[in-house]
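Novice: The following file, target-v2.cif, comprises mmCIF, C-alpha atoms:
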```cif
data_target
#
loop_
_atom_site.label_atom_id
_atom_site.label_comp_id
_atom_site.auth_asym_id
_atom_site.auth_seq_id
_atom_site.Cartn_x
_atom_site.Cartn_y
_atom_site.Cartn_z
CA MET E 19 147.32 41.96 78.52
CA PRO E 20 143.62 41.25 79.32
CA LYS E 21 140.99 41.38 76.60
CA PHE E 22 137.88 43.50 77.06
CA LYS E 23 134.78 43.79 74.93
CA HIS E 24 134.90 46.69 72.51
CA TYR E 25 132.74 49.69 73.38
CA ASP E 26 132.28 53.05 71.76
CA PHE E 27 130.52 55.98 73.42
CA ASN E 28 130.19 57.60 70.03
CA GLN E 29 127.83 54.95 68.68
CA SER E 30 124.17 55.59 67.95
CA SER E 31 121.32 53.30 68.83
CA MET E 32 117.58 53.45 68.62
CA VAL E 33 115.51 52.22 71.54
CA VAL E 34 111.89 51.38 70.79
CA ILE E 35 109.56 52.27 73.65
CA ASN E 36 105.84 51.60 73.78
CA TYR E 37 104.60 54.26 76.17
CA GLN E 38 101.45 52.34 77.07
CA ASP E 39 103.64 49.46 78.30
CA GLN E 40 105.48 51.84 80.63
CA LEU E 41 102.26 52.51 82.55
CA GLN E 42 102.11 49.13 84.27
CA SER E 43 98.88 48.05 85.92
CA GLY E 44 98.87 48.56 89.68
CA THR E 45 101.22 51.54 89.66
CA PHE E 46 100.30 55.08 90.66
CA GLU E 47 101.07 56.43 87.20
CA HIS E 48 98.69 53.87 85.68
CA ALA E 49 95.99 54.92 88.16
CA ILE E 50 96.45 58.59 87.21
CA HIS E 51 96.31 57.72 83.51
CA TYR E 52 93.19 55.59 83.93
CA LEU E 53 91.43 58.11 86.14
CA ILE E 54 92.07 61.08 83.86
CA HIS E 55 91.35 59.34 80.55
CA ASN E 56 88.42 57.14 81.63
CA LYS E 57 86.67 58.59 84.67
CA LEU E 58 86.99 62.37 84.79
CA ASP E 59 84.85 64.74 82.77
CA LEU E 60 87.39 67.10 81.22
CA SER E 61 84.82 68.92 79.10
CA ILE E 62 84.96 71.70 81.73
CA PHE E 63 88.14 72.85 79.96
CA ASN E 64 86.65 73.01 76.45
CA ASP E 65 85.19 76.51 76.83
CA LEU E 66 88.62 77.84 77.76
CA TYR E 67 90.06 77.16 74.32
CA SER E 68 89.05 79.18 71.28
CA ASN E 69 91.35 77.75 68.64
CA ASP E 70 88.86 75.66 66.66
CA GLU E 71 88.94 77.92 63.61
CA GLY E 72 92.38 79.48 63.91
CA GLY E 73 95.49 79.33 65.99
CA ARG E 74 97.79 76.49 66.78
CA PRO E 75 96.62 73.28 68.48
CA ALA E 76 96.73 73.35 72.27
CA TYR E 77 97.94 70.63 74.61
CA ASP E 78 95.17 68.32 75.70
CA PRO E 79 94.19 69.09 79.32
CA ALA E 80 94.33 65.33 80.00
CA ILE E 81 98.04 65.29 79.13
CA LEU E 82 98.80 68.36 81.24
CA LEU E 83 96.82 67.02 84.20
CA SER E 84 98.57 63.65 83.97
CA ILE E 85 102.07 65.05 84.13
CA ILE E 86 101.20 67.70 86.74
CA LEU E 87 99.49 65.24 89.11
CA PHE E 88 102.29 62.70 88.73
CA ALA E 89 104.92 65.39 89.30
CA TYR E 90 103.13 66.70 92.39
CA SER E 91 102.89 63.14 93.75
CA LYS E 92 106.69 62.95 93.48
CA GLY E 93 107.18 66.31 95.22
CA ILE E 94 108.01 68.13 91.97
CA THR E 95 106.18 71.45 91.90
CA SER E 96 108.45 73.51 89.67
CA SER E 97 107.06 73.85 86.15
CA ARG E 98 110.61 74.02 84.78
CA GLU E 99 111.45 70.75 86.49
CA ILE E 100 108.24 69.16 85.17
CA GLN E 101 109.28 70.18 81.66
CA TRP E 102 112.74 68.66 82.25
CA CYS E 103 111.12 65.44 83.49
CA CYS E 104 109.03 65.26 80.29
CA GLU E 105 112.29 65.43 78.34
CA THR E 106 114.22 62.84 80.35
CA ASN E 107 111.98 60.52 82.39
CA VAL E 108 110.30 57.61 80.61
CA ILE E 109 107.22 57.66 82.87
CA PHE E 110 106.66 61.36 82.18
CA LYS E 111 107.21 60.63 78.48
CA ALA E 112 104.58 57.89 78.68
CA LEU E 113 102.06 60.12 80.49
CA SER E 114 102.64 62.97 78.03
CA CYS E 115 102.82 60.74 74.91
CA ASP E 116 106.34 62.06 74.33
CA THR E 117 105.25 65.68 74.16
CA VAL E 118 107.19 68.29 76.08
CA PRO E 119 104.99 71.20 77.13
CA HIS E 120 106.98 74.36 77.77
CA TRP E 121 107.25 75.30 81.43
CA THR E 122 105.16 78.45 80.83
CA THR E 123 102.34 76.29 79.44
CA ILE E 124 102.46 74.13 82.57
CA ALA E 125 102.56 77.13 84.90
CA LYS E 126 99.69 78.88 83.11
CA PHE E 127 97.55 75.74 83.18
CA VAL E 128 98.01 75.40 86.93
CA SER E 129 97.41 79.07 87.76
CA ARG E 130 94.66 80.02 85.29
CA TYR E 131 91.98 77.46 86.08
CA PRO E 132 91.42 77.27 89.86
CA LYS E 133 87.64 76.85 89.48
CA ASN E 134 88.11 73.96 87.06
CA MET E 135 90.66 72.35 89.34
CA THR E 136 88.16 72.54 92.21
CA GLU E 137 85.53 70.79 90.07
CA LEU E 138 88.05 68.10 89.12
CA PHE E 139 88.98 67.58 92.76
CA GLU E 140 85.29 67.08 93.57
CA GLN E 141 85.07 64.49 90.79
CA VAL E 142 88.11 62.66 92.14
CA LEU E 143 86.62 62.57 95.64
CA LEU E 144 83.33 61.20 94.31
CA ILE E 145 85.17 58.50 92.37
CA CYS E 146 87.23 57.60 95.44
CA HIS E 147 84.01 57.38 97.47
CA GLU E 148 82.40 55.10 94.85
CA GLU E 149 85.47 52.85 94.91
CA GLY E 150 85.40 52.66 98.72
CA LEU E 151 88.73 54.42 99.11
CA LEU E 152 87.50 56.95 101.66
CA GLY E 153 87.06 55.93 105.28
CA ASN E 154 84.06 58.25 105.86
CA GLU E 155 85.21 58.89 109.42
CA LEU E 156 86.97 62.22 109.05
CA PHE E 157 87.66 64.32 106.04
CA ALA E 158 88.75 67.93 106.31
CA ILE E 159 90.02 70.47 103.87
CA ASP E 160 91.05 73.67 105.52
CA GLY E 161 93.37 76.49 104.62
CA CYS E 162 93.39 77.80 108.17
CA LYS E 163 96.85 78.50 109.51
CA MET E 164 97.38 77.61 113.15
CA ARG E 165 100.29 78.18 115.46
CA SER E 166 102.16 75.08 116.45
CA ASN E 167 105.19 74.05 118.38
CA ALA E 168 106.94 71.41 116.33
CA ALA E 169 110.46 72.08 117.51
CA LYS E 170 112.66 68.99 117.89
CA GLU E 171 113.28 69.59 121.57
CA TRP E 172 109.55 69.39 122.37
#
```
Show me, as structure tokens, the structure contained in the file I just sent.

Specialist:
Amino acid sequence: MPKFKHYDFNQSSMVVINYQDQLQSGTFEHAIHYLIHNKLDLSIFNDLYSNDEGGRPAYDPAILLSIILFAYSKGITSSREIQWCCETNVIFKALSCDTVPHWTTIAKFVSRYPKNMTELFEQVLLICHEEGLLGNELFAIDGCKMRSNAAKEW
């Protein structure tokens, strides 16, 4: 009879993870982390919170922005799925510092602050321009819906 190494699915183990080490230089998640924590002015969100004297502490907008932008970059737009990713994915855990915002918190943050999001987008574009990441040939943002014929047979 062959001998196999002993294994036990019932065993416990502790895995030590340094979240900063998970955000490796040169990756998109590192760029998001660096941009949000070092370049963007997030003070535009401070007036929206009134819990300095009472109430429970809120999630830092930097944390929420980090996980939302990373999720959107991966095609994840569901706030419930973003919450699940914060529970299970090590990169989301690193971006959120192992916090798990409830899906309603994520959804409210996205839907309640459109003016602030516009200001942040302007900041991101200015930073990209400073870094030489924009081609300066054509840049268009338009919500205009146009008819098209994108059928496979054409």

Novice: Hey, what's within 12 Å of Leu41 (chain E) if we count only C-alpha atoms and toss same-chain stuff fewer than 2 positions away? As a ChimeraX atom specification, please?

Specialist: /E:35-39,43-52,84,88,108-115

Novice: Which residue is closest to Leu60 (chain E)? Choose from E:Gln101, E:Gln42, E:Gln141, E:Asn107 and count only C-alpha atoms.

Specialist: E:Gln141

Novice: Identify which of the residues E:Phe22, E:Trp121, E:Phe139, E:Phe63 lies closest to Glu105 (chain E), counting all atoms listed in the file when measuring atom-to-atom distances.

Specialist: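 Among the listed residues, E:Trp121 lies closest to Glu105 (chain E).
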
Novice: For the file shown, report as a list of chain:residue names the outcome of the PyMOL selection byres ((chain E and resi 64) around 12) at residue level.

Specialist: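 Applying the expression gives E:Asp59, E:Leu60, E:Ser61, E:Ile62, E:Phe63, E:Asp65, E:Leu66, E:Tyr67, E:Ser68, E:Asn69, E:Asp70, E:Ala76, E:Tyr77, E:Asp78, E:Pro79, E:Ala80, E:Tyr131, E:Asn134.
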
Novice: Would you mind telling me which residue in E:Leu83, E:Met19, E:Val34, E:Leu53 lies nearest to Met135 (chain E) when using all atoms listed in the file?

Specialist: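 Closest candidate: E:Leu83.
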
Novice: Would you kindly identify which residues have an atom no farther than 6 Å from (96.3, 72.8, 82.3), using all atoms listed in the file and the file's own coordinates, and write them out as a list of chain:residue names?

Specialist: E:Pro79, E:Leu82, E:Phe127, E:Val128

Novice: For a test of reading the model, state the distance in Å between CA of Thr106 (chain E) and CA of His24 (chain E), rounded to one decimal.

Specialist: 27.4 Å

Novice: Could you give me region 23-54 of chain E completed to N, CA and C atoms, formatted as a PDB file, keeping the file's coordinate frame?

Specialist:
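Result file is selection.pdb:
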```
ATOM      1  N   LYS E  23     135.704  43.582  76.039  1.00  0.00           N
ATOM      2  CA  LYS E  23     134.780  43.790  74.930  1.00  0.00           C
ATOM      3  C   LYS E  23     134.923  45.207  74.431  1.00  0.00           C
ATOM      4  N   HIS E  24     134.789  45.366  73.131  1.00  0.00           N
ATOM      5  CA  HIS E  24     134.900  46.690  72.510  1.00  0.00           C
ATOM      6  C   HIS E  24     133.657  47.515  72.848  1.00  0.00           C
ATOM      7  N   TYR E  25     133.852  48.754  73.166  1.00  0.00           N
ATOM      8  CA  TYR E  25     132.740  49.690  73.380  1.00  0.00           C
ATOM      9  C   TYR E  25     133.111  51.021  72.767  1.00  0.00           C
ATOM     10  N   ASP E  26     132.067  51.768  72.412  1.00  0.00           N
ATOM     11  CA  ASP E  26     132.280  53.050  71.760  1.00  0.00           C
ATOM     12  C   ASP E  26     131.161  53.995  72.202  1.00  0.00           C
ATOM     13  N   PHE E  27     131.522  55.024  72.948  1.00  0.00           N
ATOM     14  CA  PHE E  27     130.520  55.980  73.420  1.00  0.00           C
ATOM     15  C   PHE E  27     129.979  56.851  72.291  1.00  0.00           C
ATOM     16  N   ASN E  28     130.589  56.790  71.167  1.00  0.00           N
ATOM     17  CA  ASN E  28     130.190  57.600  70.030  1.00  0.00           C
ATOM     18  C   ASN E  28     129.157  56.908  69.148  1.00  0.00           C
ATOM     19  N   GLN E  29     128.760  55.695  69.516  1.00  0.00           N
ATOM     20  CA  GLN E  29     127.830  54.950  68.680  1.00  0.00           C
ATOM     21  C   GLN E  29     126.394  55.428  68.890  1.00  0.00           C
ATOM     22  N   SER E  30     125.594  55.230  67.891  1.00  0.00           N
ATOM     23  CA  SER E  30     124.170  55.590  67.950  1.00  0.00           C
ATOM     24  C   SER E  30     123.351  54.319  68.055  1.00  0.00           C
ATOM     25  N   SER E  31     122.247  54.422  68.772  1.00  0.00           N
ATOM     26  CA  SER E  31     121.320  53.300  68.830  1.00  0.00           C
ATOM     27  C   SER E  31     119.907  53.845  68.973  1.00  0.00           C
ATOM     28  N   MET E  32     118.965  53.059  68.511  1.00  0.00           N
ATOM     29  CA  MET E  32     117.580  53.450  68.620  1.00  0.00           C
ATOM     30  C   MET E  32     116.897  52.486  69.581  1.00  0.00           C
ATOM     31  N   VAL E  33     116.224  53.033  70.569  1.00  0.00           N
ATOM     32  CA  VAL E  33     115.510  52.220  71.540  1.00  0.00           C
ATOM     33  C   VAL E  33     114.024  52.412  71.288  1.00  0.00           C
ATOM     34  N   VAL E  34     113.322  51.323  71.046  1.00  0.00           N
ATOM     35  CA  VAL E  34     111.890  51.380  70.790  1.00  0.00           C
ATOM     36  C   VAL E  34     111.162  51.268  72.121  1.00  0.00           C
ATOM     37  N   ILE E  35     110.304  52.253  72.395  1.00  0.00           N
ATOM     38  CA  ILE E  35     109.560  52.270  73.650  1.00  0.00           C
ATOM     39  C   ILE E  35     108.081  52.401  73.337  1.00  0.00           C
ATOM     40  N   ASN E  36     107.283  51.480  73.855  1.00  0.00           N
ATOM     41  CA  ASN E  36     105.840  51.600  73.780  1.00  0.00           C
ATOM     42  C   ASN E  36     105.408  52.277  75.077  1.00  0.00           C
ATOM     43  N   TYR E  37     104.903  53.485  74.970  1.00  0.00           N
ATOM     44  CA  TYR E  37     104.600  54.260  76.170  1.00  0.00           C
ATOM     45  C   TYR E  37     103.476  53.639  76.985  1.00  0.00           C
ATOM     46  N   GLN E  38     102.527  52.990  76.334  1.00  0.00           N
ATOM     47  CA  GLN E  38     101.450  52.340  77.070  1.00  0.00           C
ATOM     48  C   GLN E  38     102.002  51.229  77.972  1.00  0.00           C
ATOM     49  N   ASP E  39     103.038  50.528  77.504  1.00  0.00           N
ATOM     50  CA  ASP E  39     103.640  49.460  78.300  1.00  0.00           C
ATOM     51  C   ASP E  39     104.381  49.997  79.530  1.00  0.00           C
ATOM     52  N   GLN E  40     104.770  51.248  79.500  1.00  0.00           N
ATOM     53  CA  GLN E  40     105.480  51.840  80.630  1.00  0.00           C
ATOM     54  C   GLN E  40     104.547  52.120  81.809  1.00  0.00           C
ATOM     55  N   LEU E  41     103.254  52.250  81.505  1.00  0.00           N
ATOM     56  CA  LEU E  41     102.260  52.510  82.550  1.00  0.00           C
ATOM     57  C   LEU E  41     101.693  51.175  83.012  1.00  0.00           C
ATOM     58  N   GLN E  42     102.456  50.485  83.843  1.00  0.00           N
ATOM     59  CA  GLN E  42     102.110  49.130  84.270  1.00  0.00           C
ATOM     60  C   GLN E  42     100.946  49.146  85.237  1.00  0.00           C
ATOM     61  N   SER E  43     100.059  48.176  85.071  1.00  0.00           N
ATOM     62  CA  SER E  43      98.880  48.050  85.920  1.00  0.00           C
ATOM     63  C   SER E  43      99.300  47.914  87.388  1.00  0.00           C
ATOM     64  N   GLY E  44      98.588  48.609  88.246  1.00  0.00           N
ATOM     65  CA  GLY E  44      98.870  48.560  89.680  1.00  0.00           C
ATOM     66  C   GLY E  44      99.791  49.661  90.163  1.00  0.00           C
ATOM     67  N   THR E  45     100.338  50.449  89.258  1.00  0.00           N
ATOM     68  CA  THR E  45     101.220  51.540  89.660  1.00  0.00           C
ATOM     69  C   THR E  45     100.418  52.840  89.776  1.00  0.00           C
ATOM     70  N   PHE E  46     100.978  53.799  90.477  1.00  0.00           N
ATOM     71  CA  PHE E  46     100.300  55.080  90.660  1.00  0.00           C
ATOM     72  C   PHE E  46     100.140  55.808  89.333  1.00  0.00           C
ATOM     73  N   GLU E  47     101.160  55.750  88.495  1.00  0.00           N
ATOM     74  CA  GLU E  47     101.070  56.430  87.200  1.00  0.00           C
ATOM     75  C   GLU E  47      99.978  55.815  86.318  1.00  0.00           C
ATOM     76  N   HIS E  48      99.775  54.515  86.422  1.00  0.00           N
ATOM     77  CA  HIS E  48      98.690  53.870  85.680  1.00  0.00           C
ATOM     78  C   HIS E  48      97.346  54.340  86.226  1.00  0.00           C
ATOM     79  N   ALA E  49      97.237  54.446  87.540  1.00  0.00           N
ATOM     80  CA  ALA E  49      95.990  54.920  88.160  1.00  0.00           C
ATOM     81  C   ALA E  49      95.667  56.345  87.709  1.00  0.00           C
ATOM     82  N   ILE E  50      96.669  57.213  87.672  1.00  0.00           N
ATOM     83  CA  ILE E  50      96.450  58.590  87.210  1.00  0.00           C
ATOM     84  C   ILE E  50      95.986  58.576  85.755  1.00  0.00           C
ATOM     85  N   HIS E  51      96.671  57.805  84.929  1.00  0.00           N
ATOM     86  CA  HIS E  51      96.310  57.720  83.510  1.00  0.00           C
ATOM     87  C   HIS E  51      94.879  57.219  83.337  1.00  0.00           C
ATOM     88  N   TYR E  52      94.533  56.164  84.037  1.00  0.00           N
ATOM     89  CA  TYR E  52      93.190  55.590  83.930  1.00  0.00           C
ATOM     90  C   TYR E  52      92.133  56.569  84.429  1.00  0.00           C
ATOM     91  N   LEU E  53      92.383  57.183  85.557  1.00  0.00           N
ATOM     92  CA  LEU E  53      91.430  58.110  86.140  1.00  0.00           C
ATOM     93  C   LEU E  53      91.163  59.293  85.205  1.00  0.00           C
ATOM     94  N   ILE E  54      92.212  59.885  84.693  1.00  0.00           N
ATOM     95  CA  ILE E  54      92.070  61.080  83.860  1.00  0.00           C
ATOM     96  C   ILE E  54      91.427  60.741  82.509  1.00  0.00           C
TER      97      ILE E  54
END
```
